$ cat coords17.cif   # mmCIF, C-alpha atoms
data_structure
loop_
_atom_site.label_atom_id
_atom_site.label_comp_id
_atom_site.auth_asym_id
_atom_site.auth_seq_id
_atom_site.Cartn_x
_atom_site.Cartn_y
_atom_site.Cartn_z
CA MET A 1 0.00 0.00 0.00
CA LYS A 2 1.38 3.36 -0.97
CA ASN A 3 2.78 5.24 1.98
CA ILE A 4 2.30 8.75 0.65
CA TYR A 5 3.50 11.64 2.81
CA LEU A 6 0.33 13.55 3.51
CA LEU A 7 0.24 17.22 4.26
CA LEU A 8 -0.72 16.45 7.85
CA GLY A 9 0.55 19.71 9.25
CA SER A 10 -0.65 22.13 6.62
CA PHE A 11 -1.69 24.69 9.22
CA LEU A 12 1.98 25.09 10.08
CA LEU A 13 3.20 25.63 6.56
CA ILE A 14 3.99 28.69 4.63
CA THR A 15 1.61 29.42 1.80
CA ALA A 16 1.34 32.92 0.48
CA CYS A 17 2.93 36.32 0.71
CA SER A 18 4.83 38.57 -1.63
CA THR A 19 7.28 35.99 -3.01
CA ASP A 20 7.94 32.31 -2.53
CA LEU A 21 10.84 33.13 -0.21
CA ASP A 22 8.77 35.44 1.94
CA GLN A 23 6.10 33.09 3.17
CA PHE A 24 5.83 33.07 6.96
CA PRO A 25 2.17 33.90 7.53
CA PRO A 26 0.87 36.02 10.38
CA ASN A 27 -1.45 34.45 12.96
CA ARG A 28 -0.04 30.94 12.39
CA ALA A 29 1.70 28.64 14.83
CA SER A 30 5.39 29.47 15.07
CA ALA A 31 8.16 26.89 15.18
CA GLY A 32 8.73 27.69 18.83
CA SER A 33 5.34 26.22 19.75
CA LEU A 34 6.11 22.82 18.19
CA THR A 35 7.69 19.79 19.77
CA ASN A 36 7.19 17.25 16.96
CA PHE A 37 8.28 18.15 13.45
CA THR A 38 7.29 14.94 11.68
CA GLU A 39 4.33 16.60 9.99
CA VAL A 40 6.51 19.47 8.80
CA LEU A 41 8.96 16.95 7.33
CA ASN A 42 6.04 15.20 5.63
CA ALA A 43 5.11 18.53 4.08
CA ALA A 44 8.65 18.96 2.72
CA TYR A 45 8.20 15.62 0.93
CA TYR A 46 4.72 16.57 -0.25
CA TYR A 47 5.80 19.84 -1.84
CA GLN A 48 8.11 17.94 -4.19
CA HIS A 49 4.94 16.81 -6.04
CA ALA A 50 4.44 20.04 -7.94
CA SER A 51 8.05 20.05 -9.14
CA VAL A 52 8.06 16.73 -10.97
CA THR A 53 5.94 17.47 -14.05
CA PRO A 54 7.81 20.70 -14.93
CA MET A 55 11.11 18.82 -14.51
CA ALA A 56 9.87 15.92 -16.65
CA VAL A 57 8.51 18.18 -19.39
CA MET A 58 11.69 20.26 -19.43
CA GLY A 59 13.82 17.12 -19.46
CA ASP A 60 12.17 15.48 -22.47
CA PHE A 61 10.13 18.06 -24.40
CA ARG A 62 12.98 20.59 -24.49
CA SER A 63 15.27 17.84 -25.78
CA ASP A 64 15.15 15.61 -28.84
CA ASN A 65 12.94 12.99 -27.17
CA ALA A 66 9.55 14.70 -27.41
CA VAL A 67 7.81 17.52 -29.24
CA MET A 68 5.03 20.00 -28.58
CA GLU A 69 2.33 20.71 -31.17
CA GLU A 70 0.07 23.53 -30.02
CA GLU A 71 1.29 27.10 -29.56
CA PRO A 72 2.79 28.47 -27.41
CA TYR A 73 4.19 25.09 -26.29
CA PRO A 74 6.56 24.53 -29.26
CA ALA A 75 8.60 27.32 -27.66
CA PHE A 76 10.29 24.47 -25.76
CA ASP A 77 12.03 23.57 -29.03
CA ARG A 78 12.87 27.08 -30.23
CA TYR A 79 15.66 28.04 -27.77
CA ASN A 80 14.85 31.72 -27.77
CA SER A 81 12.96 34.16 -25.57
CA ASP A 82 9.59 32.59 -26.51
CA LEU A 83 9.87 30.44 -23.39
CA LEU A 84 9.01 33.56 -21.38
CA ASP A 85 5.41 33.29 -22.60
CA GLY A 86 2.93 33.90 -19.80
CA THR A 87 1.08 30.63 -20.33
CA LEU A 88 4.29 28.62 -20.05
CA ASN A 89 5.34 30.67 -17.06
CA ASN A 90 2.11 29.85 -15.21
CA GLN A 91 1.96 26.21 -16.23
CA PHE A 92 5.57 25.15 -15.75
CA PHE A 93 7.99 27.63 -14.21
CA ARG A 94 5.90 29.28 -11.52
CA PRO A 95 4.66 25.93 -10.06
CA ILE A 96 8.11 24.36 -9.74
CA TYR A 97 9.65 27.52 -8.30
CA ALA A 98 6.88 27.93 -5.72
CA ALA A 99 6.76 24.26 -4.73
CA LEU A 100 10.49 23.90 -4.21
CA TYR A 101 10.73 26.98 -2.01
CA LYS A 102 7.84 25.63 0.07
CA SER A 103 9.73 22.36 0.45
CA ILE A 104 12.85 24.31 1.39
CA LEU A 105 10.98 26.37 3.99
CA SER A 106 9.49 23.24 5.57
CA SER A 107 12.94 21.63 5.54
CA ASN A 108 14.44 24.72 7.20
CA ASN A 109 11.88 24.43 9.97
CA VAL A 110 12.88 20.84 10.68
CA ILE A 111 16.62 21.50 10.41
CA THR A 112 16.52 24.50 12.75
CA ASN A 113 14.06 23.30 15.36
CA SER A 114 13.81 19.52 15.45
CA GLU A 115 15.85 17.41 17.87
CA ASP A 116 15.42 14.22 15.81
CA GLU A 117 18.70 13.64 13.96
CA ASP A 118 17.15 11.34 11.34
CA ASP A 119 14.41 13.86 10.56
CA ILE A 120 17.03 16.60 10.24
CA ALA A 121 19.09 14.45 7.87
CA GLN A 122 16.03 13.76 5.71
CA ALA A 123 15.22 17.47 5.67
CA LYS A 124 18.77 18.29 4.57
CA PHE A 125 18.45 15.77 1.75
CA LEU A 126 15.18 17.38 0.64
CA ARG A 127 16.60 20.90 0.88
CA ALA A 128 19.58 19.82 -1.22
CA LEU A 129 17.29 18.13 -3.74
CA SER A 130 15.15 21.26 -3.96
CA TYR A 131 18.06 23.61 -4.55
CA PHE A 132 19.57 21.14 -7.05
CA LYS A 133 16.36 21.20 -9.08
CA LEU A 134 16.22 25.01 -8.87
CA VAL A 135 19.77 25.54 -10.13
CA GLN A 136 19.28 22.96 -12.88
CA MET A 137 16.20 24.78 -14.07
CA PHE A 138 17.00 28.44 -13.34
CA GLY A 139 20.70 28.76 -12.53
CA ASP A 140 21.36 31.48 -9.92
CA VAL A 141 18.51 31.69 -7.41
CA PRO A 142 17.89 33.28 -4.01
CA VAL A 143 18.90 31.26 -0.96
CA ASN A 144 16.94 31.09 2.26
CA LEU A 145 18.11 28.86 5.12
CA SER A 146 15.77 30.26 7.76
CA PRO A 147 12.39 28.87 8.86
CA GLU A 148 11.14 32.43 9.37
CA PRO A 149 12.75 34.69 6.74
CA SER A 150 12.54 38.41 7.26
CA THR A 151 9.62 40.14 5.61
CA THR A 152 11.56 43.42 5.38
CA ASP A 153 15.14 42.43 4.50
CA THR A 154 15.18 42.09 0.71
CA SER A 155 18.78 40.84 0.65
CA ILE A 156 17.57 37.24 0.83
CA LEU A 157 15.88 37.78 -2.54
CA VAL A 158 19.14 38.54 -4.34
CA ARG A 159 20.08 35.65 -6.59
CA ARG A 160 23.14 33.71 -5.44
CA PRO A 161 25.67 32.29 -7.93
CA THR A 162 25.02 28.66 -8.79
CA VAL A 163 28.52 27.58 -7.76
CA ASP A 164 28.00 29.12 -4.31
CA ILE A 165 24.69 27.32 -3.90
CA TYR A 166 26.41 24.05 -4.75
CA ASN A 167 29.35 24.65 -2.42
CA ASP A 168 27.59 26.41 0.46
CA VAL A 169 24.22 24.65 0.58
CA ILE A 170 23.75 21.55 -1.55
CA ILE A 171 27.06 19.77 -0.93
CA PRO A 172 27.21 20.46 2.85
CA ASP A 173 23.57 19.38 3.28
CA LEU A 174 24.24 16.10 1.47
CA GLN A 175 27.45 15.50 3.41
CA ASP A 176 25.48 15.94 6.65
CA ALA A 177 22.74 13.64 5.38
CA ILE A 178 25.29 10.96 4.45
CA ALA A 179 26.82 11.16 7.94
CA THR A 180 23.45 10.38 9.58
CA LEU A 181 21.18 8.42 7.25
CA ASP A 182 21.12 4.65 6.88
CA ASN A 183 19.20 2.59 4.33
CA THR A 184 16.00 1.94 6.27
CA GLY A 185 14.41 4.52 3.97
CA LEU A 186 14.70 1.95 1.17
CA THR A 187 12.34 -0.45 2.92
CA PHE A 188 9.55 -1.29 0.47
CA GLY A 189 6.70 1.14 0.95
CA SER A 190 8.73 3.68 2.92
CA GLY A 191 9.84 6.14 0.25
CA ARG A 192 12.02 8.10 2.62
CA ALA A 193 15.45 9.52 1.95
CA SER A 194 18.25 7.03 2.56
CA LEU A 195 22.02 6.81 2.68
CA LEU A 196 22.12 5.51 -0.90
CA ALA A 197 19.87 8.35 -2.06
CA ALA A 198 22.11 10.97 -0.43
CA GLN A 199 25.27 9.38 -1.85
CA GLY A 200 23.69 9.14 -5.29
CA LEU A 201 22.49 12.73 -5.26
CA LEU A 202 25.90 14.01 -4.16
CA GLY A 203 27.45 12.02 -7.00
CA LYS A 204 24.97 13.60 -9.43
CA VAL A 205 25.76 17.07 -8.08
CA HIS A 206 29.48 16.59 -8.69
CA MET A 207 28.76 15.28 -12.19
CA HIS A 208 26.73 18.41 -12.97
CA MET A 209 29.63 20.50 -11.67
CA GLY A 210 32.06 18.58 -13.87
CA ASN A 211 33.92 17.20 -10.84
CA PHE A 212 34.33 13.64 -12.10
CA ASN A 213 37.03 12.76 -9.56
CA LEU A 214 34.76 13.84 -6.69
CA ALA A 215 31.68 12.16 -8.17
CA GLN A 216 33.25 8.74 -8.72
CA PRO A 217 33.56 7.58 -5.08
CA PHE A 218 29.98 8.55 -4.17
CA LEU A 219 28.54 6.90 -7.28
CA GLY A 220 30.73 3.87 -6.61
CA ASP A 221 29.42 3.67 -3.04
CA VAL A 222 25.89 3.40 -4.43
CA VAL A 223 26.74 0.82 -7.09
CA ASN A 224 28.80 -1.30 -4.71
CA GLY A 225 26.47 -0.92 -1.75
CA ALA A 226 23.20 -1.43 -3.62
CA SER A 227 22.77 -5.17 -3.17
CA GLY A 228 23.46 -4.98 0.56
CA ALA A 229 20.63 -2.44 0.82
CA GLY A 230 18.23 -4.56 -1.25
CA VAL A 231 18.60 -2.42 -4.39
CA MET A 232 19.13 -4.18 -7.72
CA LEU A 233 18.41 -3.90 -11.42
CA GLN A 234 15.01 -5.32 -12.28
CA GLY A 235 15.33 -8.37 -14.50
CA ASN A 236 12.50 -7.11 -16.73
CA TYR A 237 12.81 -3.47 -17.79
CA ALA A 238 9.02 -3.06 -17.96
CA ASP A 239 8.74 -3.94 -14.27
CA ILE A 240 10.36 -0.63 -13.29
CA PHE A 241 7.39 1.49 -14.35
CA GLY A 242 3.70 1.91 -13.55
CA GLY A 243 1.73 2.30 -10.37
CA LEU A 244 1.92 -1.41 -9.60
CA ASN A 245 5.72 -1.21 -9.62
CA ASP A 246 6.17 1.85 -7.44
CA LEU A 247 9.16 1.59 -5.09
CA ASN A 248 10.41 -1.59 -6.75
CA PRO A 249 13.96 -2.74 -5.87
CA GLU A 250 15.59 -0.63 -8.60
CA ILE A 251 14.26 2.62 -7.14
CA ILE A 252 16.64 4.55 -4.91
CA PHE A 253 14.37 7.56 -4.40
CA ALA A 254 11.00 8.56 -5.82
CA THR A 255 8.56 11.35 -5.14
CA GLN A 256 5.47 9.46 -4.08
CA ILE A 257 2.19 10.42 -5.69
CA SER A 258 -1.36 9.32 -5.06
CA GLY A 259 -4.49 10.15 -7.03
CA SER A 260 -6.33 10.51 -3.73
CA ILE A 261 -4.07 13.32 -2.53
CA PRO A 262 -4.55 16.82 -4.00
CA ASP A 263 -1.53 17.92 -6.03
CA GLU A 264 -0.48 21.57 -6.11
CA TYR A 265 0.39 21.19 -9.79
CA PRO A 266 -2.86 22.15 -11.59
CA ASP A 267 -2.34 20.78 -15.11
CA SER A 268 -1.65 17.48 -16.89
CA GLU A 269 0.82 15.27 -15.05
CA PHE A 270 4.05 13.81 -16.44
CA TRP A 271 2.56 10.43 -17.37
CA GLU A 272 -0.21 12.16 -19.36
CA TRP A 273 2.27 14.27 -21.33
CA SER A 274 4.38 11.27 -22.37
CA PHE A 275 1.32 9.20 -23.29
CA GLY A 276 -0.08 11.93 -25.56
CA LEU A 277 -3.13 12.65 -23.45
CA ASP A 278 -2.70 16.42 -23.40
CA THR A 279 -3.99 18.31 -26.43
CA LYS A 280 -0.85 20.44 -26.46
CA SER A 281 1.01 17.35 -27.67
CA LEU A 282 -1.15 14.46 -28.84
CA ASP A 283 1.80 12.91 -30.72
CA PRO A 284 4.73 13.70 -28.42
CA LEU A 285 7.25 11.15 -29.71
CA ASP A 286 10.15 12.84 -31.51
CA PRO A 287 11.26 10.88 -34.62
CA SER A 288 14.81 11.41 -33.40
CA LEU A 289 14.18 9.03 -30.50
CA ILE A 290 12.83 6.41 -32.92
CA ALA A 291 16.05 6.77 -34.90
CA ALA A 292 18.07 6.33 -31.71
CA PHE A 293 16.36 3.01 -31.01
CA ASP A 294 16.91 2.01 -34.64
CA ALA A 295 20.61 2.69 -34.19
CA SER A 296 20.73 0.57 -31.03
CA GLU A 297 19.39 -2.36 -33.06
CA ALA A 298 21.57 -1.75 -36.13
CA ASP A 299 23.43 -5.04 -35.66
CA GLY A 300 20.24 -7.07 -35.68
CA GLU A 301 19.75 -7.06 -31.93
CA THR A 302 16.43 -6.34 -30.21
CA ASP A 303 16.47 -3.56 -27.65
CA LEU A 304 13.98 -4.73 -25.03
CA ARG A 305 13.43 -1.13 -23.90
CA ARG A 306 11.96 -0.13 -27.25
CA VAL A 307 8.47 -1.57 -26.83
CA VAL A 308 8.31 -0.21 -23.28
CA THR A 309 9.43 3.29 -24.23
CA ILE A 310 8.01 4.15 -27.68
CA ASP A 311 4.88 3.36 -29.69
CA GLU A 312 5.28 4.33 -33.34
CA THR A 313 1.56 3.86 -34.01
CA THR A 314 0.41 6.40 -31.44
CA MET A 315 3.68 8.38 -31.65
CA ALA A 316 3.77 8.48 -27.86
CA SER A 317 5.40 6.67 -24.96
CA PRO A 318 3.64 3.82 -23.13
CA LYS A 319 6.38 3.82 -20.46
CA PHE A 320 3.96 4.83 -17.72
CA PRO A 321 0.84 2.64 -18.20
CA GLN A 322 -2.36 4.63 -17.89
CA GLU A 323 -4.01 2.04 -15.68
CA GLY A 324 -3.61 3.62 -12.28
CA GLY A 325 -1.91 6.58 -13.92
CA ALA A 326 -2.71 9.02 -11.15
CA ASP A 327 -0.76 6.84 -8.73
CA HIS A 328 2.53 6.79 -10.67
CA ASP A 329 5.43 7.81 -8.47
CA PHE A 330 8.01 10.04 -10.12
CA ILE A 331 11.36 8.26 -10.16
CA GLU A 332 13.95 10.77 -9.00
CA MET A 333 16.78 8.24 -8.92
CA ARG A 334 17.15 4.58 -9.84
CA LEU A 335 20.09 2.23 -9.94
CA ALA A 336 20.52 2.17 -13.74
CA ASP A 337 20.85 5.97 -13.74
CA ILE A 338 23.60 5.80 -11.11
CA ILE A 339 25.41 2.92 -12.87
CA LEU A 340 25.59 4.95 -16.07
CA LEU A 341 26.79 8.05 -14.22
CA TYR A 342 29.40 5.89 -12.50
CA ALA A 343 30.50 4.57 -15.89
CA GLU A 344 30.78 8.15 -17.14
CA ALA A 345 32.86 9.24 -14.14
CA LEU A 346 35.16 6.24 -14.52
CA ASN A 347 35.63 6.95 -18.20
CA GLU A 348 36.36 10.65 -17.65
CA ASN A 349 38.87 9.63 -14.96
CA SER A 350 40.70 7.44 -17.52
CA SER A 351 39.36 4.13 -16.16
CA THR A 352 37.75 3.25 -19.48
CA PRO A 353 37.83 -0.59 -19.12
CA ALA A 354 36.00 -0.30 -15.77
CA ALA A 355 33.52 2.11 -17.36
CA ILE A 356 32.79 -0.42 -20.10
CA THR A 357 32.00 -3.06 -17.46
CA GLN A 358 29.39 -0.78 -15.90
CA LEU A 359 27.96 0.24 -19.26
CA ASN A 360 27.51 -3.38 -20.30
CA LYS A 361 25.37 -4.08 -17.22
CA ILE A 362 22.73 -1.77 -18.66
CA ARG A 363 23.14 -2.95 -22.25
CA ASN A 364 22.86 -6.60 -21.28
CA ARG A 365 19.70 -6.01 -19.23
CA ALA A 366 18.27 -4.39 -22.37
CA GLY A 367 19.04 -7.52 -24.39
CA LEU A 368 22.01 -5.99 -26.18
CA LEU A 369 25.52 -7.37 -26.61
CA ASN A 370 28.52 -5.74 -24.98
CA THR A 371 29.51 -2.39 -26.45
CA ASN A 372 31.96 -2.19 -29.32
CA ALA A 373 33.33 1.09 -27.95
CA THR A 374 36.92 0.92 -26.74
CA THR A 375 38.47 4.40 -26.66
CA GLN A 376 37.58 7.07 -24.11
CA ALA A 377 35.83 9.17 -26.78
CA GLN A 378 33.87 6.19 -28.10
CA VAL A 379 32.82 5.13 -24.61
CA ARG A 380 31.79 8.70 -23.77
CA MET A 381 29.43 8.68 -26.75
CA ALA A 382 28.19 5.16 -25.99
CA ILE A 383 27.28 6.15 -22.43
CA ALA A 384 25.45 9.26 -23.63
CA ASN A 385 23.47 7.18 -26.11
CA GLU A 386 22.68 4.57 -23.47
CA ARG A 387 21.46 7.18 -20.99
CA ARG A 388 19.12 8.56 -23.63
CA LEU A 389 17.53 5.18 -24.34
CA GLU A 390 17.52 3.90 -20.76
CA LEU A 391 16.05 7.05 -19.21
CA ALA A 392 13.81 8.41 -21.99
CA PHE A 393 10.64 10.12 -20.69
CA GLU A 394 12.03 10.18 -17.15
CA GLY A 395 13.11 13.84 -17.34
CA HIS A 396 16.89 13.40 -17.83
CA ARG A 397 17.77 14.06 -21.47
CA TRP A 398 17.80 17.88 -21.56
CA PHE A 399 19.74 18.15 -18.30
CA ASP A 400 22.28 15.57 -19.52
CA LEU A 401 22.82 17.58 -22.71
CA VAL A 402 23.28 20.79 -20.73
CA ARG A 403 25.68 19.37 -18.15
CA THR A 404 27.84 17.77 -20.86
CA GLY A 405 27.86 20.95 -22.95
CA THR A 406 26.41 19.16 -25.97
CA ALA A 407 22.93 20.71 -26.10
CA THR A 408 23.82 23.31 -28.72
CA THR A 409 25.46 20.75 -31.02
CA VAL A 410 22.80 18.06 -30.66
CA LEU A 411 19.81 20.39 -30.85
CA GLY A 412 21.18 22.95 -33.30
CA PHE A 413 21.14 26.29 -31.51
CA THR A 414 23.92 28.67 -30.51
CA ASP A 415 22.91 30.82 -27.54
CA THR A 416 23.78 29.08 -24.26
CA ASN A 417 21.61 31.59 -22.38
CA TYR A 418 18.80 29.19 -23.22
CA TYR A 419 20.32 26.42 -21.18
CA LEU A 420 18.24 28.02 -18.39
CA ALA A 421 14.53 28.60 -18.05
CA PRO A 422 13.16 32.09 -17.35
CA ILE A 423 12.68 33.14 -13.75
CA PRO A 424 8.91 33.24 -13.03
CA ILE A 425 7.56 36.69 -13.89
CA SER A 426 5.60 36.89 -10.64
CA GLU A 427 8.81 36.60 -8.60
CA ILE A 428 10.44 39.52 -10.38
CA THR A 429 7.31 41.66 -10.04
CA SER A 430 6.58 40.88 -6.41
CA SER A 431 10.21 41.51 -5.40
CA PHE A 432 10.11 44.92 -7.14
CA GLY A 433 13.00 43.86 -9.33
CA VAL A 434 15.33 42.59 -6.61
CA ILE A 435 15.00 39.17 -8.22
CA THR A 436 16.30 39.60 -11.76
CA GLN A 437 15.59 37.76 -15.01
CA ASN A 438 17.98 35.36 -16.73
CA PRO A 439 19.88 36.80 -19.72
CA GLY A 440 18.12 36.36 -23.05
CA TYR A 441 14.60 36.72 -21.66
#
$ encode --input "coords17.cif" --output "structure tokens"
Amino acid sequence: MKNIYLLLGSFLLITACSTDLDQFPPNRASAGSLTNFTEVLNAAYYYQHASVTPMAVMGDFRSDNAVMEEEPYPAFDRYNSDLLDGTLNNQFFRPIYAALYKSILSSNNVITNSEDEDDIAQAKFLRALSYFKLVQMFGDVPVNLSPEPSTTDTSILVRRPTVDIYNDVIIPDLQDAIATLDNTGLTFGSGRASLLAAQGLLGKVHMHMGNFNLAQPFLGDVVNGASGAGVMLQGNYADIFGGLNDLNPEIIFATQISGSIPDEYPDSEFWEWSFGLDTKSLDPLDPSLIAAFDASEADGETDLRRVVTIDETTMASPKFPQEGGADHDFIEMRLADIILLYAEALNENSSTPAAITQLNKIRNRAGLLNTNATTQAQVRMAIANERRLELAFEGHRWFDLVRTGTATTVLGFTDTNYYLAPIPISEITSSFGVITQNPGY
């Protein structure tokens, strides 16, 4: 039975003021009146819900995996200022920005006031995850580490450099989480942050920073410690996805979702977009992804992921079955993702034979023979191709292209300003310009 983290303590949470950083409401219970912060921690988990569809849409529809059909949505594929459109702002960028700062504020409350070390460690993981998503999407963003930010001091609204957010917030939070968490959070049905999740996320962070030597040991800890924690590759690729397979043994961390729990995100969810159920994109499958699967089968092999991932009749993805669709968890991190990142780190650190061993784990599970790649450059390309096929429609492709600096080449544009999404218009307006817009918008 799904153990969704309900918003049990909603009366304690921060909901609305001038900006999403300035949210401590008057006439509400203050942190000083609380003794148990479990409900506040539950809320920090809950607020991740509204971030997942914008991340998933950005990850696949801005890349060469999926396409939009109805204006203004094809702006995702134009890589110009059209992405600033008010409809897109309200449907994608405002919801993720607001939700993540709510999760951060709830996490701050737990971190500052709770005496439960495990709850604090989980809150630090969630705060790190929230800021990681924000910098992936928007780049420089404001930082608030207080449960009760000042309503008069506008300095907290000034955007902080991405590298500082990584070094001063995300990395220290994950280091603290690693020092405290164990792997009880991986118990089937729990869905809580775990040691493996914190190690994996820190490895991902270093990969996005280009620190391959720092990423490798954390990713290796996950790969080598997975079986002892009950985490393993599913034998059947299809068994990873769908509501009936939520929190299966391959999942390291997922944002749990239930159709019976109201979601702050007001529009079509990620599984509806990929399946072609939203009129903005009834045929979302990009022919480029079909060609990528064709290439994977060029030697007469059958890629077992193909039938799970793409349907050339409907030109959509059946990856998330619509039976029980509203109960699909969003997979934030699974073992195959970490294995491929580990392979990438090994390869970039000149351990190419070891990288090939990791890469072949994923290829073999997909029914493919070992890679023919041998040189560092060939293996780099093979890993990138494998990540695309393995993780299609899971919100990774665009962010992989950006972090590897290949988005402009692969997608055919020149202005790297469009690696980032526009800051929500409402945040700039309500801060009276203290929060500034990204260049190019």
$ closest_residue --input "coords17.cif" --among "A:Val222, A:Ala421, A:Val434, A:Ala292" --to "Met137 in chain A" --atoms "only C-alpha atoms"
A:Ala421
$ resolve_selection --input "coords17.cif" --expression "the PyMOL selection byres ((chain A and resi 100-117) around 7)" --output "ChimeraX atom specification"
/A:13-14,20-21,31,37,40-41,43-45,47-48,51,96-99,118-121,123-124,126-127,130,145-147
$ atom_distance --input "coords17.cif" --atom1 "CA of Arg94 in chain A" --atom2 "CA of Val141 in chain A"
13.5 Å
$ residues_around --input "coords17.cif" --residues "range 261-269 of chain A" --least-positions-apart "6" --cutoff "10 Å" --atoms "all atoms listed in the file" --output "PyMOL selection string"
chain A and resi 4-7+46-54+56-57+90-92+94-96+98-99+277-279+325-328
$ write_last_selection --input "coords17.cif" --atoms "C-alpha atoms" --output "JSON list (two decimals), keeping the file's coordinate frame"
[["chain", "number", "residue", "atom", "x", "y", "z"],
["A", 4, "ILE", "CA", 2.30, 8.75, 0.65],
["A", 5, "TYR", "CA", 3.50, 11.64, 2.81],
["A", 6, "LEU", "CA", 0.33, 13.55, 3.51],
["A", 7, "LEU", "CA", 0.24, 17.22, 4.26],
["A", 46, "TYR", "CA", 4.72, 16.57, -0.25],
["A", 47, "TYR", "CA", 5.80, 19.84, -1.84],
["A", 48, "GLN", "CA", 8.11, 17.94, -4.19],
["A", 49, "HIS", "CA", 4.94, 16.81, -6.04],
["A", 50, "ALA", "CA", 4.44, 20.04, -7.94],
["A", 51, "SER", "CA", 8.05, 20.05, -9.14],
["A", 52, "VAL", "CA", 8.06, 16.73, -10.97],
["A", 53, "THR", "CA", 5.94, 17.47, -14.05],
["A", 54, "PRO", "CA", 7.81, 20.70, -14.93],
["A", 56, "ALA", "CA", 9.87, 15.92, -16.65],
["A", 57, "VAL", "CA", 8.51, 18.18, -19.39],
["A", 90, "ASN", "CA", 2.11, 29.85, -15.21],
["A", 91, "GLN", "CA", 1.96, 26.21, -16.23],
["A", 92, "PHE", "CA", 5.57, 25.15, -15.75],
["A", 94, "ARG", "CA", 5.90, 29.28, -11.52],
["A", 95, "PRO", "CA", 4.66, 25.93, -10.06],
["A", 96, "ILE", "CA", 8.11, 24.36, -9.74],
["A", 98, "ALA", "CA", 6.88, 27.93, -5.72],
["A", 99, "ALA", "CA", 6.76, 24.26, -4.73],
["A", 277, "LEU", "CA", -3.13, 12.65, -23.45],
["A", 278, "ASP", "CA", -2.70, 16.42, -23.40],
["A", 279, "THR", "CA", -3.99, 18.31, -26.43],
["A", 325, "GLY", "CA", -1.91, 6.58, -13.92],
["A", 326, "ALA", "CA", -2.71, 9.02, -11.15],
["A", 327, "ASP", "CA", -0.76, 6.84, -8.73],
["A", 328, "HIS", "CA", 2.53, 6.79, -10.67]]
$ closest_residue --input "coords17.cif" --among "A:Tyr237, A:Phe132, A:Ala366, A:Leu389" --to "Ser288 in chain A" --atoms "all atoms listed in the file"
A:Leu389
$ closest_residue --input "coords17.cif" --among "A:Leu247, A:Leu411, A:Leu88, A:Met207" --to "Gly230 in chain A" --atoms "only C-alpha atoms"
A:Leu247
$ residues_around --input "coords17.cif" --residues "Asp173 in chain A" --least-positions-apart "4" --cutoff "7 Å" --atoms "only C-alpha atoms" --output "number ranges by chain"
A: 124-125, 128, 169, 177
$ write_last_selection --input "coords17.cif" --atoms "C-alpha atoms" --output "PDB file, in the frame of the given file"
ATOM      1  CA  LYS A 124      18.770  18.290   4.570  1.00  0.00           C
ATOM      2  CA  PHE A 125      18.450  15.770   1.750  1.00  0.00           C
ATOM      3  CA  ALA A 128      19.580  19.820  -1.220  1.00  0.00           C
ATOM      4  CA  VAL A 169      24.220  24.650   0.580  1.00  0.00           C
ATOM      5  CA  ALA A 177      22.740  13.640   5.380  1.00  0.00           C
TER       6      ALA A 177
END
$ residues_near_point --input "coords17.cif" --point "(24.2, 19.6, -3.5)" --cutoff "10 Å" --atoms "only C-alpha atoms" --output "PyMOL selection string"
chain A and resi 124-125+127-133+135+165-175+198+201-206+208-209
$ closest_residue --input "coords17.cif" --among "A:Ile252, A:Leu346, A:Val308, A:Ile290" --to "Asn211 in chain A" --atoms "all atoms listed in the file"
A:Leu346
$ closest_residue --input "coords17.cif" --among "A:Asp164, A:Gly200, A:Glu69, A:Asn80" --to "Gly276 in chain A" --atoms "all atoms listed in the file"
A:Glu69
$ axis_aligned_box --input "coords17.cif" --around "range 244-252 of chain A" --padding-each-side "3 Å" --output "JSON"
{"center_x": 9.3, "center_y": 0.9, "center_z": -7.3, "size_x": 20.7, "size_y": 13.3, "size_z": 10.7}
$ residues_near_point --input "coords17.cif" --point "(10.1, 11.6, -30.1)" --cutoff "9 Å" --atoms "only C-alpha atoms" --output "PyMOL selection string"
chain A and resi 60-61+64-67+283-290+310+315-317
$ residues_around --input "coords17.cif" --residues "range 353-356 of chain A" --least-positions-apart "5" --cutoff "7 Å" --atoms "only C-alpha atoms" --output "JSON, numbers by chain"
{"A": [343, 344, 346, 347]}
$ resolve_selection --input "coords17.cif" --expression "the PyMOL selection byres ((chain A and resi 318) around 9)" --output "PyMOL selection string"
chain A and resi 271+274-275+307-311+316-317+319-322
$ atom_distance --input "coords17.cif" --atom1 "CA of Leu186 in chain A" --atom2 "CA of Ile362 in chain A"
21.7 Å
$ decode --input "coords17.cif" --residues "range 214-225 of chain A" --atoms "C-alpha atoms" --output "compact mmCIF listing (two decimals), in the first residue's frame"
# COMPACT_ATOMS: atom_id res chain seq x y z
CA LEU A 214 34.76 13.84 -6.69
CA ALA A 215 31.68 12.16 -8.17
CA GLN A 216 33.25 8.74 -8.72
CA PRO A 217 33.56 7.58 -5.08
CA PHE A 218 29.98 8.55 -4.17
CA LEU A 219 28.54 6.90 -7.28
CA GLY A 220 30.73 3.87 -6.61
CA ASP A 221 29.42 3.67 -3.04
CA VAL A 222 25.89 3.40 -4.43
CA VAL A 223 26.74 0.82 -7.09
CA ASN A 224 28.80 -1.30 -4.71
CA GLY A 225 26.47 -0.92 -1.75
